[in-house]
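Notes follow the structure.
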Amino acid sequence: MPEQATVTSPSESIQQKTAEAKALIAAELAKRGLACITSSFQTECVVLVHMLIEQRPDVPVLFLETGYHFPETLAYRDQMAKDWKLNLVNLEAKQSVADQEAQFGILNQTEPNRCCGFRKVEPLFAGLSNYDLWFTALRREQSPTRANLQPVEPFKLPGGKSLEKISPLAMWTNRDVWAYLSLNNILAHPLYNQGYTSIGCQPCTKLPFDPNNPRSGRWQGQEKLECGIHIQAD
């Protein structure tokens, strides 16, 4: 009589993936060096923050305060920081939005790469220079540029410092992320209820036009897939 295939329920699957992610987090936190996590407070970011503070409650949570966020993002960030007692670190650009626009115009419309460089890449890389372990909620499924993402990779900053970039959710699907939120009774960013599937700065975030591509609402009409913070320095 042939053996029956073992069927793993969705609940068992997410529990197994959660256990694997937490094991990786524990192993990395056991290494010497200062750890931090970057969070945009999207679904996967909240999942990883939830796992990480379980093991390191005071881990710095780095948030890129670009000056262009949706009001809902800032309100949700503040509520989560309060509820979870997060060690929130807001990273800001050297120039205010008003000063940048006065000098260069509306870069998010004319030169989005340059805008991301000023308001995201430079502040983040400056902030990361203080740490040795960088936890991110990147997933392979999110974008073609992330298809070969490894759970642990070296990352070199422009100044030459190398740190370890850790993505415990690399192999997770969007369904896994939502399953974790449901199982742990975590409320997601309110804009998901309005149909958004990937949430960045307000001027560069629209409702997705491709139902099979959650990031299709980002930089709509531009040949741009990343803001640049996950691109290695030359």
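Identifiers for the structure tokens are assigned positionally: chains receive A, B, ... in sequence, residues are indexed from 1 per chain, and ligands are indexed from 1 in the order shown.
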Select from region 74-124 of chain A every residue with an atom at most 10 Å from any atom of region 23-47 of chain A, then for each give the shortest pair of atoms and their distance in Å to one decimal, using only C-alpha atoms, rows by chain and rising number, as CSV.
residue,atom,partner,partner_atom,distance
A:Leu74,CA,A:Phe41,CA,9.2
A:Tyr76,CA,A:Phe41,CA,7.7
A:Arg77,CA,A:Phe41,CA,6.4
A:Met80,CA,A:Phe41,CA,8.6
A:Asn87,CA,A:Cys36,CA,9.9
A:Leu88,CA,A:Ser39,CA,9.6
A:Val89,CA,A:Thr38,CA,9.4
A:Leu124,CA,A:Thr38,CA,8.8
**Asked** Near region 95-99 of chain A, within 12 Å and counting only C-alpha atoms, which residues show up once chain neighbours fewer than 3 positions away are dropped, as a ChimeraX atom specification?
**Response** /A:65-69,91-92,102-108,115,118-120,122-123
**Prompt:** CA of Thr197 (chain A) and CA of Asn184 (chain A), how far apart in Å?
**Reply:** 20.3 Å
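Per DSSP on the backbone, strand (DSSP E or B) in region 55-182 of chain A comprises Pro60, Val61, Leu62, Phe63, Leu64, Glu65, His69, Asn87, Leu88, Val89, Asn90, Leu91, Glu92, Leu133, Trp134, Phe135, Val152, Glu153, Pro154, Phe155, Lys156, Ser162, Leu163, Glu164, Lys165 and Ile166 of chain A.
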Mind writing the picked residues with C-alpha atoms as a PDB file, in the first residue's frame?
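Generated file (selection14.pdb):
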ATOM      1  CA  PRO A  60      16.961  50.136  18.065  1.00  0.00           C
ATOM      2  CA  VAL A  61      14.169  50.314  15.470  1.00  0.00           C
ATOM      3  CA  LEU A  62      15.360  52.625  12.693  1.00  0.00           C
ATOM      4  CA  PHE A  63      12.651  54.495  10.796  1.00  0.00           C
ATOM      5  CA  LEU A  64      13.361  56.737   7.819  1.00  0.00           C
ATOM      6  CA  GLU A  65      11.460  59.947   8.494  1.00  0.00           C
ATOM      7  CA  HIS A  69       5.030  59.881   4.662  1.00  0.00           C
ATOM      8  CA  ASN A  87      13.348  51.935  21.058  1.00  0.00           C
ATOM      9  CA  LEU A  88      12.388  54.000  18.012  1.00  0.00           C
ATOM     10  CA  VAL A  89      15.106  55.953  16.201  1.00  0.00           C
ATOM     11  CA  ASN A  90      13.881  58.368  13.518  1.00  0.00           C
ATOM     12  CA  LEU A  91      16.510  59.023  10.850  1.00  0.00           C
ATOM     13  CA  GLU A  92      16.149  62.303   8.948  1.00  0.00           C
ATOM     14  CA  LEU A 133      24.095  43.548  12.651  1.00  0.00           C
ATOM     15  CA  TRP A 134      21.290  44.884  10.471  1.00  0.00           C
ATOM     16  CA  PHE A 135      17.946  43.062  10.554  1.00  0.00           C
ATOM     17  CA  VAL A 152      22.385  36.395   5.884  1.00  0.00           C
ATOM     18  CA  GLU A 153      24.608  38.518   3.647  1.00  0.00           C
ATOM     19  CA  PRO A 154      27.509  40.929   4.102  1.00  0.00           C
ATOM     20  CA  PHE A 155      26.701  44.559   3.364  1.00  0.00           C
ATOM     21  CA  LYS A 156      29.298  47.255   2.740  1.00  0.00           C
ATOM     22  CA  SER A 162      30.951  46.074   6.519  1.00  0.00           C
ATOM     23  CA  LEU A 163      28.057  44.754   8.543  1.00  0.00           C
ATOM     24  CA  GLU A 164      25.926  41.654   8.487  1.00  0.00           C
ATOM     25  CA  LYS A 165      22.530  42.058   6.850  1.00  0.00           C
ATOM     26  CA  ILE A 166      20.000  39.561   8.188  1.00  0.00           C
TER      27      ILE A 166
END
**Message:** Report, in Å to a single decimal, how far apart CA of Pro190 (chain A) and CA of Ala170 (chain A) are.
**Reply:** 24.1 Å
**Prompt:** Please, what distance in Å, to one decimal, runs between CA of Lys206 (chain A) and CA of Tyr180 (chain A)?
**Reply:**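 If I compute the distance from CA of Lys206 (chain A) to CA of Tyr180 (chain A), I get 25.5 Å.
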**Request:** From a DSSP calculation on the backbone, collect every residue of region 37-203 of chain A in alpha helix (DSSP H) and output the set as a PyMOL selection string.
**Result:** chain A and resi 43-55+71-84+97-104+107-110+112-116+122-128+174-183
**Prompt:** Nearest to Leu86 (chain A) among A:Glu141, A:Ser182, A:Ile53, A:Leu149, with distances taken over only C-alpha atoms: which residue is it?
**Reply:** A:Ile53
**Message:** When you look at Gln194 (chain A) with a cut-off of 12 Å (counting only C-alpha atoms), what residues show up, excluding the ones that are within fewer than 3 positions of it in the same chain? I need them as a list in words.
**Reply:**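 These residues fall inside the cut-off: Glu72, Ala188, His189, Pro190, Leu191, Thr197, Ser198, Ile199, Lys206, Leu207 and Pro208 of chain A.
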**Request:** Mind checking which residues fall within 10 Å of Ser129 (chain A), counting only C-alpha atoms, ignoring those fewer than 2 positions away in the same chain, and posting them as a list in words?
**Result:**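 The contact residues come out as Leu124, Phe125, Ala126, Gly127, Tyr131, Asp132, Lys156, Leu157, Pro158, Gly159, Gly160, Lys161, Ser162 and Leu163 of chain A.
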Can I get the selected residues back with C-alpha atoms, as a CSV table (one decimal), in the first residue's frame?
chain,number,residue,atom,x,y,z
A,124,LEU,CA,20.1,55.3,6.6
A,125,PHE,CA,23.7,54.6,5.7
A,126,ALA,CA,24.8,57.2,8.2
A,127,GLY,CA,22.6,55.6,10.9
A,131,TYR,CA,25.9,49.0,14.1
A,132,ASP,CA,27.3,45.6,13.2
A,156,LYS,CA,29.3,47.3,2.7
A,157,LEU,CA,28.5,50.9,3.5
A,158,PRO,CA,29.9,53.7,1.4
A,159,GLY,CA,32.5,54.6,4.1
A,160,GLY,CA,33.9,51.1,3.8
A,161,LYS,CA,32.4,49.5,7.0
A,162,SER,CA,31.0,46.1,6.5
A,163,LEU,CA,28.1,44.8,8.5
**Asked** Which residues, written as a list in words, have at least one atom at most 10 Å from region 11-22 of chain A, with only C-alpha atoms counted and residues fewer than 3 positions away on the same chain left out?
**Response**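 My reading of the contact set: Val7, Thr8, Ile25, Ala26, Ala27, Glu28, Val47, Leu48, Met51, Leu52, Glu54, Gln55, Pro151, Ser167, Pro168, Leu169, Ala170, Met171, Trp172, Arg175, Asp176, Val177, Trp178, Ala179, Tyr180 and Leu183 of chain A.
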